[in-house]
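> This is the structure, below, for whatever I ask next.
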Amino acid sequence: MTPARTSSLALRRRYRWLNLAVVIGSALICVMLLPMRLPGMVLLGVGPSWLLIWLVAWSVQRTSVEGAIAGFILGLVQDGLTGYFPTHTLGLTLAGFLTARIQKQRFIQEDFVSVAIIVFAMTVIAQTMMALQISAHQLIISSSPYPSLPEIWLQHQRIALSSAILSSLWAPAVYYPLSRWWAHYEQVMTPPGG
Amino acid sequence: MFVVRRWWNQYALKTGLVALMVVAALGMRETGGAAIYELYRWATSPFHPGPSRAAMLQSSYAQELQQRLVELESQNRSLRQVVEGDAVPLAAGTPAAVIGRSAGDWWQQIIISRGSSDGIDADDIVTGPGGLIGRVVAVSPHSSRVLLVSDPTSRVGARVSRSRATGYIRGEMGQQVVMEFFDKIPDVKVGDVVTTSAYSQLFPQDIPIGRVVDLDLSKSPAPEVTVELTSPLNIVEWVTVIPFEPKSVEIPAVDAPASQEIIPNRAAEDNLAP
């Protein structure tokens with residue numbers, strides 16, 4: 001085995017750990033941004049869905065199973081931060097799955113605008129899942145603390161729209177560094193000549 | 001068998017990582033995100049609000065008013081003692097800074113900078129400038145999560161301080177909340193002050209909540225009014241946490257129906273406590 005080859009093996013091993021750190025670190029930063037309300041991050045009292053932006057950035061280049069698993073894990077974390085019902089896992093799992101299914105390379109060009117559009121659509125889908133859960137709770141359980149259906153869907157309009165607009169505007173801030181890193185990572189990890 | 005082994009050789013690391021992540025996320029969920037909130041508090045600690053000059057001037061004026069209020073309260077207490085016997089005074093509160101807002105769009109919560117190491121427990125009461133703010137629902141060592149009065153799942157037993165008409169308040173995700181009455185024809189009008197009621201299990205009595213701004217007394221099944229909260233929930237920076245033990249439900253003895261007649265709404269409200 002030549003020295004060049006061993007050094008490239010060591011490099012690849014180091015990059016694997018580095019990638020893990022980048023993935024977990026970036027997701028953690030997005031989680032920490034959730035309770036923050038900085039100027040420019042609030043529209044009608046609603047902030048951007050940082051975890052969903054991260055999830056879309058993760059899922060666009062991956063398989064639908066990977067997208068769904070990441071969505072499920074992030075959903076559990078966000079449930080811990082807020083409350084168990086309505087759960088975020090359903091919306092985020094669906095969003096991760098659908099984003100990966102879009103097969104971006106085939107249908108949409110790789111650029112910020114398309115990612116922003118995907119984030120917009122996925123935010124609306126995820127928030128609709130939340131509203132559906134609350135509606136079901138309201139319909140099934142008679143002593144439900146939630147307001148009547150028209151009120152829920154009025155709130156849904158406000159939350160989904162402002163969250164979707166804000167998230168799609170902030171999407172490049174998360175997507176750009178991550179996609180650059182993963183492109184670089186792929187380049188390092190592909191064996192030379194392969 | 002061979003297929004399974006090949007799959008395992010290929011995906012063992014990935015599967016292990018995914019399992020680890022799921023376990024970590026489940027742990028995070030069970031502990032109410034305590035680790036994340038601890039980290040969040042540590043990371044944002046340089047930006048926690050300190051008192052500004054204007055706020056200090058304002059607070060000295062407020063202190064003057066408070067001192068007068070203390071005097072009036074003590075007079076009131078001694079008069080009340082003469083009339084209806086001793087009442088339990090509220091314990092002293094812990095001041096805490098608001099360091100974050102709810103991490104989900106369907107909740108109305110705030111994150112405050114004090115936790116279990118400062119003696120804060122779940123179910124403690126949170127008040128602020130303007131009156132009632134909410135109730136502590138989760139604590140980590142150095143931060144806690146407060147469910148605001150404006151959350152749709154929040155229920156507060158309340159009464160109109162002028163006429164003593166009782167009901168409960170539910171949040172509407174905004175600065176205005178809705179108060180539903182137990183009586184069919186409550187004595188209430190626009191401008192009335194609403195405070196927590198003595199029958200509430202989760203809140204001590206007589207904490208100001210807000211002011212009536214709109215009436216809808218023909219509403220079925222119960223008449224309801226809109227109440228504007230006096231505490232500005234979306235800009236509040238400092239709050240006070242008051243320790244409070246939720247009252248246990250007292251089941252009236254069979255041979256004492258008189259108590260039920262005196263407090264007709266007690267049973268109705270007991271069912272409302274979340």
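FYI, nothing fancy with the structure tokens labels: chains A, B, ... in order, residues from 1 per chain, ligands from 1 as they appear.
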Residues of region 11-251 of chain B classed as alpha helix (DSSP H) by DSSP on the backbone are to be reported as number ranges by chain.
B: 11-30, 34-44, 53-84
> Excluding region 9-17 of chain A and its own-chain neighbours fewer than 6 positions away, which residues fall within 9 Å of it when counting only C-alpha atoms? Please give them as a VMD selection string.
chain A and resid 185 188 to 189
> Please identify every residue of chain B that has at least one atom no farther than 6 Å from an atom of chain A, counting only C-alpha atoms, and for each give the shortest atom pair and the distance in Å to one decimal, arranged by chain then increasing number, as a Markdown table.

```
| residue | atom | partner | partner_atom | distance |
| --- | --- | --- | --- | --- |
| B:Val22 | CA | A:Ile73 | CA | 5.7 |
| B:Ala25 | CA | A:Val77 | CA | 5.2 |
| B:Met28 | CA | A:Gly80 | CA | 5.8 |
| B:Arg29 | CA | A:Gly80 | CA | 3.6 |
| B:Gly32 | CA | A:Gly80 | CA | 4.3 |
| B:Gly33 | CA | A:Gly80 | CA | 4.8 |
| B:Tyr40 | CA | A:Met32 | CA | 5.9 |
| B:Gly100 | CA | A:Pro35 | CA | 4.9 |
| B:Arg101 | CA | A:Pro35 | CA | 4.7 |
| B:Ser102 | CA | A:Pro35 | CA | 5.5 |
| B:Ala103 | CA | A:Pro35 | CA | 4.7 |
| B:Pro152 | CA | A:Tyr146 | CA | 5.9 |
| B:Thr153 | CA | A:Pro145 | CA | 5.2 |
```
> Residues of region 16-98 of chain B classed as strand (DSSP E or B) by DSSP on the backbone are to be reported as a count of residues only.
5
> Take CA of Gln201 (chain B) and CA of Gly157 (chain B) and report the distance between them in Å, one decimal.
7.9 Å
> For a test of reading the model, state the distance in Å between CA of Ala100 (chain A) and CA of Arg62 (chain A), rounded to one decimal.
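A separation of 5.9 Å between them.
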> Do you know which residues are at most 10 Å from region 231-243 of chain B counting only C-alpha atoms, after dropping those on the same chain fewer than 3 positions away, and could you put them as a PyMOL selection string?
(chain A and resi 45) or (chain B and resi 48-51+90-101+108-110+112-114+119-136+146+148-150+174-175+204+208-210+228+246)
> Which distance in Å separates CA of Thr93 (chain A) and CA of Leu18 (chain A), to one decimal?
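Going from CA of Thr93 (chain A) over to CA of Leu18 (chain A), I get 25.6 Å.
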> Between A:Leu51, A:Leu166, A:Ile140, A:Met129, which is the closest to Thr87 (chain A) once you count only C-alpha atoms?
A:Met129
> My list of candidates is A:Tyr175, A:Phe112, A:Phe97, A:Trp54. Which is closest to Ile125 (chain A) when distances are computed with only C-alpha atoms?
A:Phe97
> Counting only C-alpha atoms, figure out which residue out of B:Glu64, B:Glu245, B:Glu73, B:Asp183 gets nearest to Ala222 (chain B).
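Closest residue, counting only C-alpha atoms: B:Asp183.
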> What's around region 187-197 of chain B at 6 Å? Count only C-alpha atoms, leave out sequence neighbours fewer than 2 positions away in its own chain, and write the answer as an MDAnalysis selection string.
chainID B and resid 157:161 199:200 205:213
